[in-house]
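*Asks:* See model12.tsv below, with TSV, C-alpha atoms.
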chain	number	residue	atom	x	y	z
A	6	MET	CA	10.20	68.45	41.31
A	7	GLN	CA	10.53	64.73	40.66
A	8	ARG	CA	13.27	63.67	38.26
A	9	ARG	CA	12.15	62.43	34.87
A	10	ARG	CA	12.59	58.72	34.17
A	11	ILE	CA	13.96	57.73	30.77
A	12	LEU	CA	14.26	54.17	29.43
A	13	ILE	CA	17.09	53.70	26.90
A	14	VAL	CA	16.83	50.60	24.71
A	15	ASP	CA	19.81	49.68	22.51
A	16	ASP	CA	21.72	46.44	22.06
A	17	GLU	CA	25.06	48.31	21.79
A	18	GLU	CA	26.39	49.10	25.25
A	19	ALA	CA	28.49	52.05	24.03
A	20	ILE	CA	25.37	53.70	22.55
A	21	ARG	CA	23.34	53.05	25.73
A	22	LEU	CA	26.05	54.61	27.87
A	23	LEU	CA	26.48	57.62	25.56
A	24	LEU	CA	22.75	58.33	25.49
A	25	ALA	CA	22.55	57.86	29.26
A	26	LYS	CA	25.37	60.34	29.82
A	27	ILE	CA	23.66	62.96	27.64
A	28	VAL	CA	20.26	62.46	29.29
A	29	GLN	CA	21.71	62.53	32.81
A	30	GLN	CA	23.90	65.60	32.21
A	31	ASP	CA	21.56	67.73	30.10
A	32	LEU	CA	18.17	66.75	31.56
A	33	ASP	CA	19.11	65.55	35.05
A	34	ALA	CA	16.98	62.49	34.40
A	35	GLU	CA	16.97	59.08	36.04
A	36	VAL	CA	17.97	56.50	33.43
A	37	THR	CA	17.21	52.79	33.03
A	38	LEU	CA	19.21	50.87	30.44
A	39	ALA	CA	17.95	47.84	28.50
A	40	GLY	CA	20.14	45.82	26.15
A	41	THR	CA	17.31	43.64	24.88
A	42	CYS	CA	13.73	44.26	23.83
A	43	GLU	CA	12.54	41.62	26.27
A	44	ALA	CA	14.21	43.41	29.21
A	45	ALA	CA	12.80	46.73	28.00
A	46	LEU	CA	9.30	45.25	27.86
A	47	ARG	CA	9.62	43.98	31.44
A	48	PHE	CA	10.70	47.45	32.59
A	49	ALA	CA	7.92	49.15	30.61
A	50	ARG	CA	5.26	46.89	32.09
A	51	THR	CA	6.26	47.71	35.67
A	52	THR	CA	7.50	51.31	35.58
A	53	ALA	CA	5.91	54.43	34.14
A	54	TYR	CA	8.71	56.12	32.21
A	55	ASP	CA	8.45	59.73	31.09
A	56	ALA	CA	10.09	58.89	27.74
A	57	ILE	CA	11.73	55.99	25.91
A	58	LEU	CA	14.69	56.09	23.51
A	59	LEU	CA	14.43	53.03	21.28
A	60	ASP	CA	16.73	51.48	18.68
A	61	LEU	CA	14.90	49.50	15.99
A	62	MET	CA	17.65	47.06	14.97
A	63	MET	CA	17.50	44.84	18.02
A	64	PRO	CA	17.80	41.07	18.45
A	65	GLY	CA	14.84	39.04	19.68
A	66	ILE	CA	11.42	40.54	19.08
A	67	GLY	CA	13.00	43.68	17.58
A	68	GLY	CA	12.39	47.37	18.11
A	69	THR	CA	9.30	47.68	15.93
A	70	GLU	CA	7.52	44.85	17.76
A	71	LEU	CA	8.59	46.31	21.10
A	72	LEU	CA	7.10	49.65	20.09
A	73	LYS	CA	3.78	47.96	19.28
A	74	ARG	CA	3.75	46.03	22.56
A	75	ILE	CA	4.57	49.07	24.70
A	76	ARG	CA	1.78	51.04	23.04
A	77	ALA	CA	-0.67	48.15	23.45
A	78	ASP	CA	-0.03	47.12	27.04
A	79	SER	CA	2.40	48.71	29.47
A	80	ALA	CA	2.70	51.13	32.36
A	81	CYS	CA	4.08	53.70	29.92
A	82	SER	CA	1.80	53.14	26.93
A	83	SER	CA	1.33	56.90	26.51
A	84	ALA	CA	4.96	57.92	27.14
A	85	PRO	CA	6.78	59.61	24.26
A	86	ILE	CA	8.87	57.08	22.32
A	87	ILE	CA	11.78	58.47	20.34
A	88	ILE	CA	13.33	56.17	17.77
A	89	VAL	CA	17.14	56.42	17.57
A	90	SER	CA	18.16	54.30	14.59
A	91	VAL	CA	20.37	53.98	11.53
A	92	LEU	CA	17.42	52.63	9.55
A	93	SER	CA	16.45	54.91	6.71
A	94	ASN	CA	12.82	53.69	6.80
A	95	ALA	CA	12.43	54.55	10.48
A	96	PRO	CA	9.89	57.33	9.74
A	97	GLU	CA	7.28	54.62	9.04
A	98	THR	CA	7.40	53.83	12.75
A	99	LYS	CA	5.49	57.04	13.43
A	100	THR	CA	2.38	55.23	12.21
A	101	LEU	CA	3.05	52.61	14.91
A	102	GLY	CA	3.13	55.21	17.66
A	103	ALA	CA	6.62	56.71	17.74
A	104	ASN	CA	6.64	60.40	18.64
A	105	ALA	CA	9.90	61.28	16.90
A	106	VAL	CA	12.65	59.67	14.83
A	107	LEU	CA	16.34	60.55	15.13
A	108	SER	CA	19.13	59.15	12.96
A	109	LYS	CA	22.32	57.64	14.31
A	110	PRO	CA	24.81	58.99	14.99
A	111	VAL	CA	22.53	61.22	17.02
A	112	ASP	CA	23.37	64.88	17.46
A	113	ARG	CA	23.46	65.79	21.16
A	114	ASP	CA	21.64	69.12	20.72
A	115	VAL	CA	18.93	67.54	18.57
A	116	LEU	CA	18.44	64.70	21.06
A	117	VAL	CA	18.14	67.08	24.01
A	118	ALA	CA	15.80	69.44	22.13
A	119	THR	CA	13.63	66.53	20.99
A	120	LEU	CA	13.40	65.08	24.50
A	121	LYS	CA	12.59	68.48	26.01
A	122	ALA	CA	9.86	69.06	23.42
A	123	GLN	CA	8.34	65.60	24.04
A	124	LEU	CA	8.54	66.04	27.82
A	125	GLY	CA	7.01	69.48	27.67
A	126	ASN	CA	10.03	71.34	29.09
Please express what this file holds, its structure, as structure tokens.
*Replies:*
Amino acid sequence: MQRRRILIVDDEEAIRLLLAKIVQQDLDAEVTLAGTCEAALRFARTTAYDAILLDLMMPGIGGTELLKRIRADSACSSAPIIIVSVLSNAPETKTLGANAVLSKPVDRDVLVATLKAQLGN
């Protein structure tokens, strides 16, 4: 079976690395890390990811705009996008195409269960 590919988008390196460690250990997934929305958009346009973990409070175009752009035009426009954010209004992003919303600090078990449910495991 081919390993799942997960794109992790967060401007805080410590968060990216923590999420990557969880995803790699618990799901044996291949991980790509993006520290900016612009980098994430480049990755999303060229690679079909199985899921995307996305922070909303990002510099540049921002997480909400990135979500819209991925849904509109990318190689992974139908991939599950899970918002991982401290924003209390993050649930409104579901109307923009997010599949799930998790609050920071994210609980490991909840993250893994959410990813497994979205990936169909």
*Asks:* Considering only C-alpha atoms, can you say which of A:Gly125, A:Gly40, A:Gly67, A:Pro85 comes closest to Ala103 (chain A)?
*Replies:*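 Closest to Ala103 (chain A) of all the choices is A:Pro85.
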*Asks:* Find the distance between CA of Leu12 (chain A) and CA of Leu92 (chain A) and write it in Å to one decimal.
*Replies:*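 Those two atoms sit 20.2 Å apart.
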*Asks:* One number please: CA of Ser79 (chain A) to CA of Leu107 (chain A), in Å, one decimal.
*Replies:*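 Between these atoms lies a distance of 23.2 Å.
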*Asks:* What does the distance between CA of Ala80 (chain A) and CA of Phe48 (chain A) come to in Å, to one decimal place?
*Replies:*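 Atom-to-atom, CA of Ala80 (chain A) and CA of Phe48 (chain A) are spaced 8.8 Å apart.
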*Asks:* Skipping near chain neighbours, those fewer than 6 positions away, what residues fall within 10 Å of Leu46 (chain A) using all atoms listed in the file, listed as a PyMOL selection string?
*Replies:* chain A and resi 14+39+52+71-72+74-75+78-80
*Asks:* Please return as JSON, numbers by chain every residue within 12 Å of (17.3, 67.2, 24.9), taking into account all atoms listed in the file and the file's own coordinates.
*Replies:* {"A": [11, 24, 25, 26, 27, 28, 29, 30, 31, 32, 33, 34, 56, 58, 87, 107, 111, 112, 113, 114, 115, 116, 117, 118, 119, 120, 121, 122, 123, 124, 125, 126]}
*Asks:* Pick out the closest residue to Leu22 (chain A) from this set: A:Thr37, A:Ser83, A:Asn104, A:Arg10. Count all atoms listed in the file.
*Replies:*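 Smallest separation from Leu22 (chain A) among the options: A:Thr37.
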*Asks:* Which of these residues is nearest to Arg47 (chain A), using all atoms listed in the file: A:Ile86, A:Cys81, A:Val91, A:Ala105?
*Replies:*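 Under the stated criterion, the closest residue is A:Cys81.
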